[in-house]
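Right, one structure below, let's go through it.
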Amino acid sequence: MRRLIVSLAVPYLQASYFANGLAFMTMSTGNQMKMSSSTPKHTLYDLPVSNNGARCRIMLYKKGIKSEEVAIVSPAERGGLKSDEYLALNPQGKMPLLTVDGGMNIPESDTICRYLMSTYSDRGPSFLPDDPKSNLIARIHDMYITTIQGCLYKASPPFGIYGTRQDAFKELQKQLQIIDDLISDDKDGNYLCGSEVSLADATLFPTMIFVKEMFPKFGPCATELPTKLSKWYDDVKANDADFSKVHEEVNGGIKQWTTNGRWDKIWLAGVRDEEPATIFDKIISGEIPATIVKDEPKLLAFKDINPAAPAHVLVIPKNRNGLSSLRKSTPEHSEILGQLMVAAGEIARDTSLGFGDGARIVVNDGEDGGQEVPHLHVHVLGGRQMYWPPG
Ligand code: 5GP
């Protein structure tokens, strides 16, 4: 019996779960080989809930490759992704990994799929229609979507090169639209390139399971899915039994996350900003005038209307995003908090604003801290000697 982690479907977090030695449960899947007399020619180290390996599983299922030929085995069988035994097979410590008896170890789902396509070229669909769009869509997916898709399920940034979920979502939506634009308006058949299944379908489908499930959870930063992609996803899930099977596998893991309360503490999924708007929103929109000293895409700095020192500037995030006070901050706010601090430092060394040799940089927080406006703001005070303790 194979042992699998079923408490998570976390493609990118599994490594640490393995490393942390969480409990394993047993589970079997259709393609898994019961320990039997015949030795498999190949072993695919993967979990049925993983979306990375799902494209390889789609290929195995559609080509009718049985577990006697390619056994799907949990990395736990080799001590987990970070064990010495597994790292000797794949130094990246990731799955999926295809080991070939008497041959090399092949990591990375795209490489595994291309190996399966050539090794089993005589079995089932080729996955290589006479259409360069198949390779292009797979390439766009791996270059631009794989790197940021953690924004769909990871608790904290960064998501690839993006410091906020909103920015990563914007990029994800852009890439999905680029792929959508590649789909012919008048294609016949359920697949991305028409009637023939391709590498693009196998590559994109598992990610779309996450996108479909999670876009609605992050409502405020996600819009609708592009229409052609949405239709393709629904069609292939409904009409292709192998895609439907992979959907069940991956979605099983996602449901487990929901049952475990994964979203409850995640900003924008379970946690929303429900505080009323403040006067600072009117300053940001220009409805109320203020002496602006710094205007950046994500922050604004302006002179305090009731200065407590010769130089007194407030630095605020343009989008409050839950930061009604500093005590509401989460790791998701790291980027804007860093930007506010950098801006405060720049302002404090600007002698044209009346600052001298130093400043008092303060955040009042909540009732006891004397905070009046529930929209995070950094006070930059200077132009006179400050004393300690503050009143
Ligand atoms: P808190 O007490 O919340 O830390 O600080 C709020 C600050 O916002 C106060 O120093 C107050 O003078 C300033 N403030 C409140 N309303 C306005 C306004 O309409 N314009 C400007 N420029 N500052 C304001």
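Chains: A, B, ... in order of the structure tokens. Residues: from 1 per chain. Ligands: from 1, in order shown.
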Which residues of chain A come within 9 Å of ligand 1, and for each one, what is the closest pair of atoms and their distance in Å to one decimal, counting only C-alpha atoms and all ligand atoms, sorted by chain and residue number, as JSON lines?
{"residue": "A:Ile279", "atom": "CA", "partner": "ligand 1", "partner_atom_place_in_ligand_line": "19 (O)", "distance": 6.0}
{"residue": "A:Phe280", "atom": "CA", "partner": "ligand 1", "partner_atom_place_in_ligand_line": "19 (O)", "distance": 6.9}
{"residue": "A:Lys282", "atom": "CA", "partner": "ligand 1", "partner_atom_place_in_ligand_line": "19 (O)", "distance": 8.4}
{"residue": "A:Ile283", "atom": "CA", "partner": "ligand 1", "partner_atom_place_in_ligand_line": "19 (O)", "distance": 7.2}
{"residue": "A:Ile288", "atom": "CA", "partner": "ligand 1", "partner_atom_place_in_ligand_line": "19 (O)", "distance": 7.0}
{"residue": "A:Pro289", "atom": "CA", "partner": "ligand 1", "partner_atom_place_in_ligand_line": "20 (N)", "distance": 7.6}
{"residue": "A:Ala290", "atom": "CA", "partner": "ligand 1", "partner_atom_place_in_ligand_line": "22 (N)", "distance": 5.2}
{"residue": "A:Thr291", "atom": "CA", "partner": "ligand 1", "partner_atom_place_in_ligand_line": "22 (N)", "distance": 7.0}
{"residue": "A:Ile292", "atom": "CA", "partner": "ligand 1", "partner_atom_place_in_ligand_line": "22 (N)", "distance": 8.6}
{"residue": "A:Phe302", "atom": "CA", "partner": "ligand 1", "partner_atom_place_in_ligand_line": "22 (N)", "distance": 6.1}
{"residue": "A:Lys303", "atom": "CA", "partner": "ligand 1", "partner_atom_place_in_ligand_line": "22 (N)", "distance": 5.3}
{"residue": "A:Asp304", "atom": "CA", "partner": "ligand 1", "partner_atom_place_in_ligand_line": "22 (N)", "distance": 4.1}
{"residue": "A:Ile305", "atom": "CA", "partner": "ligand 1", "partner_atom_place_in_ligand_line": "22 (N)", "distance": 4.0}
{"residue": "A:Asn306", "atom": "CA", "partner": "ligand 1", "partner_atom_place_in_ligand_line": "12 (O)", "distance": 4.2}
{"residue": "A:Pro307", "atom": "CA", "partner": "ligand 1", "partner_atom_place_in_ligand_line": "12 (O)", "distance": 6.4}
{"residue": "A:Ala308", "atom": "CA", "partner": "ligand 1", "partner_atom_place_in_ligand_line": "10 (O)", "distance": 7.3}
{"residue": "A:His312", "atom": "CA", "partner": "ligand 1", "partner_atom_place_in_ligand_line": "10 (O)", "distance": 8.3}
{"residue": "A:Val313", "atom": "CA", "partner": "ligand 1", "partner_atom_place_in_ligand_line": "22 (N)", "distance": 8.2}
{"residue": "A:Leu314", "atom": "CA", "partner": "ligand 1", "partner_atom_place_in_ligand_line": "8 (O)", "distance": 7.2}
{"residue": "A:Val362", "atom": "CA", "partner": "ligand 1", "partner_atom_place_in_ligand_line": "4 (O)", "distance": 8.3}
{"residue": "A:Val363", "atom": "CA", "partner": "ligand 1", "partner_atom_place_in_ligand_line": "4 (O)", "distance": 6.5}
{"residue": "A:Asn364", "atom": "CA", "partner": "ligand 1", "partner_atom_place_in_ligand_line": "4 (O)", "distance": 4.6}
{"residue": "A:Asp365", "atom": "CA", "partner": "ligand 1", "partner_atom_place_in_ligand_line": "4 (O)", "distance": 7.1}
{"residue": "A:Gly366", "atom": "CA", "partner": "ligand 1", "partner_atom_place_in_ligand_line": "3 (O)", "distance": 8.4}
{"residue": "A:Gly369", "atom": "CA", "partner": "ligand 1", "partner_atom_place_in_ligand_line": "4 (O)", "distance": 7.8}
{"residue": "A:Gly370", "atom": "CA", "partner": "ligand 1", "partner_atom_place_in_ligand_line": "2 (O)", "distance": 5.4}
{"residue": "A:Gln371", "atom": "CA", "partner": "ligand 1", "partner_atom_place_in_ligand_line": "3 (O)", "distance": 3.7}
{"residue": "A:Glu372", "atom": "CA", "partner": "ligand 1", "partner_atom_place_in_ligand_line": "3 (O)", "distance": 3.4}
{"residue": "A:Val373", "atom": "CA", "partner": "ligand 1", "partner_atom_place_in_ligand_line": "3 (O)", "distance": 4.0}
{"residue": "A:Pro374", "atom": "CA", "partner": "ligand 1", "partner_atom_place_in_ligand_line": "3 (O)", "distance": 6.7}
{"residue": "A:His375", "atom": "CA", "partner": "ligand 1", "partner_atom_place_in_ligand_line": "3 (O)", "distance": 7.8}
{"residue": "A:Leu376", "atom": "CA", "partner": "ligand 1", "partner_atom_place_in_ligand_line": "3 (O)", "distance": 8.0}
{"residue": "A:His377", "atom": "CA", "partner": "ligand 1", "partner_atom_place_in_ligand_line": "4 (O)", "distance": 6.8}
{"residue": "A:Val378", "atom": "CA", "partner": "ligand 1", "partner_atom_place_in_ligand_line": "4 (O)", "distance": 7.8}
{"residue": "A:His379", "atom": "CA", "partner": "ligand 1", "partner_atom_place_in_ligand_line": "4 (O)", "distance": 7.2}
Polymer residues at most 8 Å from segment 88-93 of chain A, only C-alpha atoms, same-chain spacing of 4 or more positions, as an MDAnalysis selection string: chainID A and resid 15 81:82 84 97 99 105 107
Atom-to-atom span, atom CA of Asp142 of chain A and atom CA of Lys174 of chain A, Å: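 Distance between the two atoms: 14.5 Å.
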For Ser126 of chain A, find every residue with an atom within 9 Å (counting only C-alpha atoms), except residues of its own chain fewer than 3 positions away, and show them as a short mmCIF file (atom, residue, chain, number, x, y, z; two decimals) with C-alpha atoms, in the first residue's frame.
data_model
loop_
_atom_site.label_atom_id
_atom_site.label_comp_id
_atom_site.auth_asym_id
_atom_site.auth_seq_id
_atom_site.Cartn_x
_atom_site.Cartn_y
_atom_site.Cartn_z
CA LYS A 63 -2.06 7.03 -23.27
CA MET A 117 5.51 11.60 -25.52
CA SER A 118 8.54 10.16 -27.30
CA TYR A 120 5.22 6.07 -25.72
CA SER A 121 4.73 7.71 -29.12
CA ASP A 122 2.92 4.61 -30.34
CA ARG A 123 0.36 4.75 -27.54
CA PRO A 129 -0.84 18.43 -32.85
CA GLU A 196 -6.75 16.92 -30.76
CA VAL A 197 -5.53 16.90 -27.17
CA SER A 198 -2.14 18.56 -26.77
CA LEU A 199 0.63 19.27 -24.30
#
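Considering the residues A:Met386, A:Met59, A:Ala54, A:Leu300 and counting only C-alpha atoms, His247 of chain A has its shortest atom-to-atom contact with A:Ala54.
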Polymer residues at most 10 Å from Gly270 of chain A, only C-alpha atoms, same-chain spacing of 5 or more positions, as JSON, numbers by chain: {"A": [217, 218, 261, 262, 263, 264, 265]}
Atom CA of Leu128 of chain A to atom CA of Gly194 of chain A, distance in Å rounded to a single decimal: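 Rounded to one decimal, the two atoms are 12.0 Å apart.
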Which of segment 88-176 of chain A fall in alpha helix (DSSP H), as an MDAnalysis selection string: chainID A and resid 88:89 109:119 133:140 165:176
Å distance separating atom CA of Leu337 of chain A from atom CA of Asp295 of chain A, one decimal place: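 Between these atoms lies a distance of 15.7 Å.
Taking the backbone of this structure through DSSP, the residues of segment 172-305 of chain A that come out as strand (DSSP E) are Ile292, Val293, Lys294, Asp295, Leu299, Leu300, Ala301, Phe302 and Lys303 of chain A.
Among the candidates A:Ala343, A:Ile179, A:Gly286, A:Gly80, the one nearest to Lys133 of chain A when counting only C-alpha atoms is A:Ile179.
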Residue contacts of Leu152 of chain A (10 Å, only C-alpha atoms) excluding same-chain residues fewer than 5 positions away, as a ChimeraX atom specification: /A:159,165,168-169,172,207,210-215,217-218,269
Pick from A:Ser184, A:Thr278, A:Thr203, A:Thr119, whichever lies nearest to Ile140 of chain A using only C-alpha atoms: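 Closest to Ile140 of chain A of all the choices is A:Thr203.
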Long-range neighbours of Val236 of chain A as a list in words, 8 Å cut-off, only C-alpha atoms, 4 positions minimum in chain: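 Within the cut-off, the hits are Asn190, Tyr191, Trp232, Asp240, Phe243 and Ser244 of chain A.
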Output N, CA and C atoms for every residue in the selection just made, as a short mmCIF file (atom, residue, chain, number, x, y, z; two decimals), in the first residue's frame.
data_model
loop_
_atom_site.label_atom_id
_atom_site.label_comp_id
_atom_site.auth_asym_id
_atom_site.auth_seq_id
_atom_site.Cartn_x
_atom_site.Cartn_y
_atom_site.Cartn_z
N ASN A 190 -12.98 20.00 -28.23
CA ASN A 190 -12.93 20.47 -26.85
C ASN A 190 -11.58 21.02 -26.41
N TYR A 191 -10.54 20.75 -27.20
CA TYR A 191 -9.19 21.04 -26.70
C TYR A 191 -8.68 22.41 -27.15
N TRP A 232 -13.29 26.31 -22.46
CA TRP A 232 -12.42 25.16 -22.69
C TRP A 232 -12.33 24.31 -21.43
N ASP A 240 -14.08 14.82 -21.10
CA ASP A 240 -12.91 13.95 -21.18
C ASP A 240 -12.72 13.29 -19.82
N PHE A 243 -9.33 13.91 -17.95
CA PHE A 243 -9.23 15.25 -17.37
C PHE A 243 -10.14 15.35 -16.14
N SER A 244 -11.30 14.74 -16.27
CA SER A 244 -12.25 14.75 -15.15
C SER A 244 -11.65 14.04 -13.93
#
What's the 9 Å shell around Ile361 of chain A, counting only C-alpha atoms, without same-chain residues fewer than 2 positions away, as a compact mmCIF listing (two decimals) with C-alpha atoms, in the first residue's frame?
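Writing done, so here's part-v1.txt:
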# COMPACT_ATOMS: atom_id res chain seq x y z
CA ALA A 344 9.41 58.34 5.79
CA GLY A 345 13.20 58.22 5.79
CA ALA A 348 12.94 63.11 7.16
CA ALA A 359 13.22 63.36 13.12
CA VAL A 363 2.88 55.33 14.30
CA VAL A 378 3.35 57.29 9.67
CA HIS A 379 3.99 60.65 11.34
CA VAL A 380 7.31 62.24 10.39
CA LEU A 381 7.97 65.09 12.85
CA GLY A 382 11.00 67.37 12.96
